[in-house]
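A.B. asks: Quick one, input05.txt (compact mmCIF, C-alpha atoms and all ligand atoms):
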# COMPACT_ATOMS: atom_id res chain seq x y z
CA ASP T 30 21.53 7.77 -72.53
CA GLY T 31 23.80 9.55 -70.04
CA ARG T 32 22.03 8.24 -66.92
CA LEU T 33 24.13 6.68 -64.19
CA PRO T 34 24.07 2.90 -63.69
CA ARG T 35 21.34 1.84 -61.27
CA SER T 36 23.72 1.09 -58.43
CA HIS T 37 24.98 4.72 -58.54
CA GLN T 38 21.47 6.15 -58.66
CA ARG T 39 20.67 4.29 -55.48
CA GLY T 40 23.59 5.74 -53.56
CA PRO T 41 21.48 7.53 -50.96
CA LYS T 42 19.25 4.50 -50.45
CA LYS T 43 22.31 2.36 -49.81
CA ARG T 44 23.37 4.79 -47.09
CA ARG T 45 19.86 4.66 -45.70
CA ASN T 46 20.06 0.86 -45.59
CA GLN T 47 23.37 1.04 -43.81
CA ARG T 48 21.83 3.37 -41.29
CA ILE T 49 18.92 1.00 -40.76
CA SER T 50 21.20 -1.97 -40.24
CA HIS T 51 23.20 0.05 -37.71
CA GLN T 52 19.97 0.90 -35.91
CA ARG T 53 19.09 -2.79 -35.80
CA GLU T 54 22.39 -3.59 -34.18
CA THR T 55 21.83 -0.88 -31.61
CA ASN T 56 18.30 -2.14 -31.00
CA ASN T 57 19.59 -5.63 -30.35
CA ALA T 58 21.77 -4.30 -27.59
CA LYS T 59 19.06 -2.26 -25.87
CA PRO T 60 15.30 -2.55 -26.42
CA PRO T 61 13.75 0.69 -27.68
CA THR T 62 11.65 2.58 -25.16
CA TRP T 63 8.46 1.98 -27.14
CA ALA T 64 8.88 -1.77 -26.59
CA LYS T 65 7.78 -1.18 -23.01
CA GLN T 66 4.47 0.22 -24.16
CA THR T 67 3.25 -3.10 -25.54
CA ASN T 68 -0.24 -4.18 -24.56
CA ASN T 69 0.57 -7.82 -25.15
CA VAL T 70 0.99 -9.34 -21.68
CA ASN T 71 2.78 -12.34 -23.20
CA GLU T 72 5.71 -10.11 -24.18
CA VAL T 73 6.29 -8.73 -20.70
CA ASN T 74 9.59 -9.15 -18.97
CA LYS T 75 9.87 -6.76 -16.00
CA ILE T 76 7.15 -7.68 -13.53
CA ALA T 77 6.54 -6.05 -10.15
CA ILE T 78 4.08 -6.94 -7.44
CA PHE T 79 2.52 -4.11 -5.47
CA PRO T 80 1.52 -5.70 -2.15
CA GLY T 81 -0.59 -4.00 0.50
CA SER T 82 -3.76 -4.12 2.53
CA PHE T 83 -5.48 -1.47 0.41
CA ASP T 84 -8.20 -1.07 3.03
CA PRO T 85 -9.23 0.94 1.05
CA PHE T 86 -7.19 1.55 -2.13
CA THR T 87 -6.54 5.32 -2.28
CA ILE T 88 -5.38 7.85 -4.88
CA GLY T 89 -1.95 7.54 -3.26
CA HIS T 90 -1.87 3.82 -4.14
CA TYR T 91 -3.28 4.51 -7.62
CA ASP T 92 -0.53 7.02 -8.32
CA ILE T 93 2.20 4.54 -7.31
CA VAL T 94 0.78 1.88 -9.67
CA MET T 95 0.50 4.32 -12.60
CA ARG T 96 4.06 5.52 -12.08
CA GLY T 97 5.17 1.91 -11.70
CA LEU T 98 3.88 1.25 -15.21
CA ASP T 99 6.53 3.67 -16.53
CA ILE T 100 9.18 1.37 -15.05
CA PHE T 101 7.70 -2.13 -15.28
CA ASP T 102 5.96 -4.00 -18.07
CA LYS T 103 3.37 -5.37 -15.69
CA VAL T 104 2.25 -4.57 -12.13
CA VAL T 105 0.41 -7.22 -10.12
CA ILE T 106 -1.46 -5.70 -7.20
CA GLY T 107 -1.56 -8.16 -4.29
CA ILE T 108 -4.23 -7.64 -1.66
CA GLY T 109 -2.69 -9.23 1.40
CA ILE T 110 -5.09 -11.12 3.60
CA ASN T 111 -3.73 -10.55 7.06
CA CYS T 112 -5.53 -12.44 9.81
CA THR T 113 -4.06 -10.23 12.54
CA LYS T 114 -5.23 -6.98 10.91
CA GLN T 115 -8.85 -6.03 11.41
CA GLU T 116 -10.16 -5.19 7.96
CA SER T 117 -12.76 -2.51 7.39
CA PHE T 118 -13.76 -2.92 3.74
CA PRO T 119 -14.60 -6.53 2.76
CA LEU T 120 -12.08 -8.22 0.47
CA HIS T 121 -14.48 -8.69 -2.46
CA GLN T 122 -15.33 -4.98 -2.35
CA ARG T 123 -11.66 -3.96 -2.42
CA LEU T 124 -10.94 -6.44 -5.23
CA ASN T 125 -13.87 -5.21 -7.35
CA ALA T 126 -13.00 -1.56 -6.79
CA ILE T 127 -9.33 -2.01 -7.78
CA GLN T 128 -10.29 -4.09 -10.82
CA GLN T 129 -12.58 -1.29 -11.96
CA TYR T 130 -9.94 1.42 -11.49
CA PHE T 131 -7.64 -0.48 -13.86
CA ALA T 132 -10.27 -1.93 -16.19
CA ASN T 133 -8.64 -0.17 -19.16
CA GLU T 134 -5.08 -1.04 -18.21
CA PRO T 135 -4.19 -4.58 -19.37
CA ARG T 136 -0.75 -4.34 -17.75
CA VAL T 137 -2.28 -4.26 -14.26
CA GLN T 138 -3.64 -7.36 -12.54
CA VAL T 139 -5.20 -7.70 -9.08
CA HIS T 140 -5.14 -10.80 -6.88
CA PRO T 141 -5.71 -11.49 -3.18
CA TYR T 142 -3.04 -13.55 -1.43
CA ASP T 143 -2.57 -15.11 1.97
CA CYS T 144 0.93 -16.54 1.55
CA LEU T 145 4.29 -14.84 2.07
CA THR T 146 4.85 -11.84 -0.21
CA VAL T 147 7.94 -13.50 -1.75
CA ASP T 148 5.87 -16.58 -2.63
CA PHE T 149 3.16 -14.39 -4.18
CA ALA T 150 5.91 -12.72 -6.26
CA ALA T 151 7.20 -16.14 -7.39
CA GLN T 152 3.69 -17.26 -8.40
CA HIS T 153 3.50 -14.23 -10.71
CA LYS T 154 7.11 -14.49 -11.95
CA ALA T 155 7.82 -11.03 -10.54
CA GLN T 156 11.39 -9.89 -10.00
CA PHE T 157 10.46 -6.69 -8.14
CA ILE T 158 8.37 -5.44 -5.25
CA LEU T 159 6.94 -1.97 -5.74
CA ARG T 160 6.17 0.14 -2.65
CA GLY T 161 5.44 3.77 -1.85
CA VAL T 162 7.09 6.01 0.74
CA ARG T 163 5.45 9.01 2.38
CA SER T 164 7.69 9.70 5.36
CA ALA T 165 10.84 8.75 7.23
CA GLN T 166 8.68 6.38 9.28
CA ASP T 167 7.50 4.63 6.08
CA PHE T 168 11.10 4.51 4.91
CA GLU T 169 12.38 2.68 8.00
CA TYR T 170 9.57 0.14 7.78
CA GLU T 171 10.09 -0.37 4.03
CA ARG T 172 13.82 -0.78 4.52
CA SER T 173 13.46 -3.67 6.96
CA MET T 174 10.85 -5.35 4.74
CA ALA T 175 13.05 -4.88 1.66
CA GLU T 176 16.07 -6.37 3.42
CA ALA T 177 14.08 -9.39 4.60
CA ASN T 178 12.57 -10.01 1.16
CA LYS T 179 15.95 -9.61 -0.55
CA GLN T 180 17.47 -12.12 1.85
CA LEU T 181 14.59 -14.57 1.47
CA SER T 182 14.43 -14.65 -2.30
CA GLY T 183 16.70 -12.08 -3.95
CA LEU T 184 13.74 -9.86 -4.84
CA GLU T 185 14.56 -6.17 -5.27
CA THR T 186 12.21 -3.60 -3.75
CA ILE T 187 11.71 -0.41 -5.72
CA LEU T 188 10.42 2.52 -3.66
CA LEU T 189 8.65 5.50 -5.18
CA TYR T 190 8.20 8.71 -3.21
CA THR T 191 4.66 9.87 -2.80
CA ARG T 192 3.55 13.04 -4.55
CA PRO T 193 3.60 15.79 -1.90
CA GLU T 194 -0.13 16.38 -2.34
CA TYR T 195 -0.81 12.72 -1.43
CA ALA T 196 1.65 12.45 1.45
CA HIS T 197 -1.04 12.82 4.12
CA ILE T 198 -3.35 10.21 2.59
CA SER T 199 -3.44 6.83 4.30
CA SER T 200 -5.96 4.02 4.34
CA THR T 201 -6.24 4.55 8.10
CA LEU T 202 -7.32 8.17 7.63
CA VAL T 203 -9.85 7.19 4.95
CA ARG T 204 -11.23 4.35 7.12
CA ASP T 205 -11.63 6.70 10.10
CA LEU T 206 -13.49 9.29 8.05
CA HIS T 207 -15.69 6.57 6.56
CA SER T 208 -16.54 5.11 9.97
CA HIS T 209 -17.71 8.61 11.03
CA GLY T 210 -19.98 8.86 8.02
CA LYS T 211 -17.83 11.35 6.09
CA ASP T 212 -17.57 11.43 2.29
CA ILE T 213 -14.29 9.75 1.31
CA SER T 214 -14.65 10.02 -2.48
CA VAL T 215 -11.92 12.68 -2.80
CA TYR T 216 -9.39 10.12 -1.49
CA LEU T 217 -10.42 7.39 -3.92
CA PRO T 218 -9.22 7.05 -7.57
P1 LIG F 1 0.56 -2.13 4.15
O1 LIG F 1 -0.54 -2.60 5.05
O2 LIG F 1 1.38 -3.23 3.59
O3 LIG F 1 1.40 -0.99 4.69
P2 LIG F 1 -0.94 -0.24 2.57
O4 LIG F 1 -2.17 -0.64 1.84
O5 LIG F 1 -1.14 0.66 3.73
O6 LIG F 1 -0.21 -1.57 2.90
O7 LIG F 1 0.09 0.46 1.58
C1 LIG F 1 0.67 -0.23 0.51
C2 LIG F 1 1.87 0.57 0.00
O8 LIG F 1 1.42 1.83 -0.49
C3 LIG F 1 2.91 0.88 1.06
O9 LIG F 1 4.20 0.83 0.47
C4 LIG F 1 2.60 2.29 1.45
O10 LIG F 1 3.73 2.97 1.95
C5 LIG F 1 2.14 2.87 0.13
N1 LIG F 1 1.26 4.03 0.29
C6 LIG F 1 0.16 4.14 1.06
N2 LIG F 1 -0.40 5.36 0.96
C7 LIG F 1 0.38 6.04 0.08
C8 LIG F 1 0.36 7.38 -0.42
N3 LIG F 1 -0.57 8.27 -0.05
N4 LIG F 1 1.34 7.74 -1.29
C9 LIG F 1 2.29 6.85 -1.65
N5 LIG F 1 2.38 5.59 -1.20
C10 LIG F 1 1.44 5.19 -0.34
What would the structure in this file look like if it were written as structure tokens?
Ligand code: ADP

C.D. replies:
Amino acid sequence: DGRLPRSHQRGPKKRRNQRISHQRETNNAKPPTWAKQTNNVNEVNKIAIFPGSFDPFTIGHYDIVMRGLDIFDKVVIGIGINCTKQESFPLHQRLNAIQQYFANEPRVQVHPYDCLTVDFAAQHKAQFILRGVRSAQDFEYERSMAEANKQLSGLETILLYTRPEYAHISSTLVRDLHSHGKDISVYLP
């Protein structure tokens, strides 16, 4: 009837299939970016802990965690219980507040810890420590901590610069304002 054999009619589809198989090969080599956006915590591979005192947890901290989620599959916030530091907000209050801020984000977990930071990272199978930097002073402190943690366990520390508008925000400032009866809600997530 003049029509081409089926195999010829499907020429373009064959090319499409070839393209798809090439894409699969490429995908095997490098996971597609959307793979990072999975909500299934069992599929995660890059895990960071975000350790701190979070006394209290501020919008500066919140911003670091949210930006960390663009890099890592999961961020585990570790509230360090430091016996030598006088805490202002009780632990359970800090834990509840942080849990609420991330209630809709399954890739964020919050846990208190009183062991070494590297041991907390190992408990959560984290390969990275996430920290924020506001100033040269922060940087020097973070550098010595990063070197010690790298030496202790091979963990890499990833530093994110603060947003300029949050650079002046510290838990100390928020605590001071709170202790003088000032409204601190603008500093909280
Ligand atoms: P720590 O007691 O370990 O210094 P903090 O709770 O003060 O813990 O801070 C935890 C991390 O968050 C630190 O890396 C700190 O530099 C960072 N951080 C604190 N405030 C801000 C901010 N406003 N912007 C960005 N990073 C911040």

A.B. asks: How would you report the residues lying within 9 Å of ligand LIG 1 (chain F), as a VMD selection string, if you count all atoms listed in the file?

C.D. replies: chain T and resid 79 to 93 108 to 109 111 114 159 to 164 167 to 168 170 to 171 188 to 201

A.B. asks: When you count all atoms listed in the file, which of these residues is closest to Gln115 in chain T: T:Arg204, T:Ala177, T:Asn133, T:His209?

C.D. replies: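 That would be T:Arg204, the residue with the smallest distance to Gln115 in chain T.
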
A.B. asks: Let me make sure I understand: among T:His121, T:Arg172, T:His140, T:His207, which one has the smallest atom-to-atom distance to Glu185 in chain T if we use all atoms listed in the file?

C.D. replies: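 Of T:His121, T:Arg172, T:His140, T:His207, the one nearest Glu185 in chain T, counting all atoms listed in the file, is T:Arg172.
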
A.B. asks: Separation of CA of Gly183 in chain T and CA of Ala77 in chain T, in Å?

C.D. replies: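 Between CA of Gly183 in chain T and CA of Ala77 in chain T the gap works out to 13.3 Å.
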
A.B. asks: Between CA of Gln129 in chain T and CA of Pro218 in chain T, what is the spacing in Å?

C.D. replies: 10.0 Å

A.B. asks: Provide the CA of Ala151 in chain T to CA of Val94 in chain T distance in Å, to one decimal place.

C.D. replies: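 According to the coordinates, CA of Ala151 in chain T and CA of Val94 in chain T are separated by 19.3 Å.
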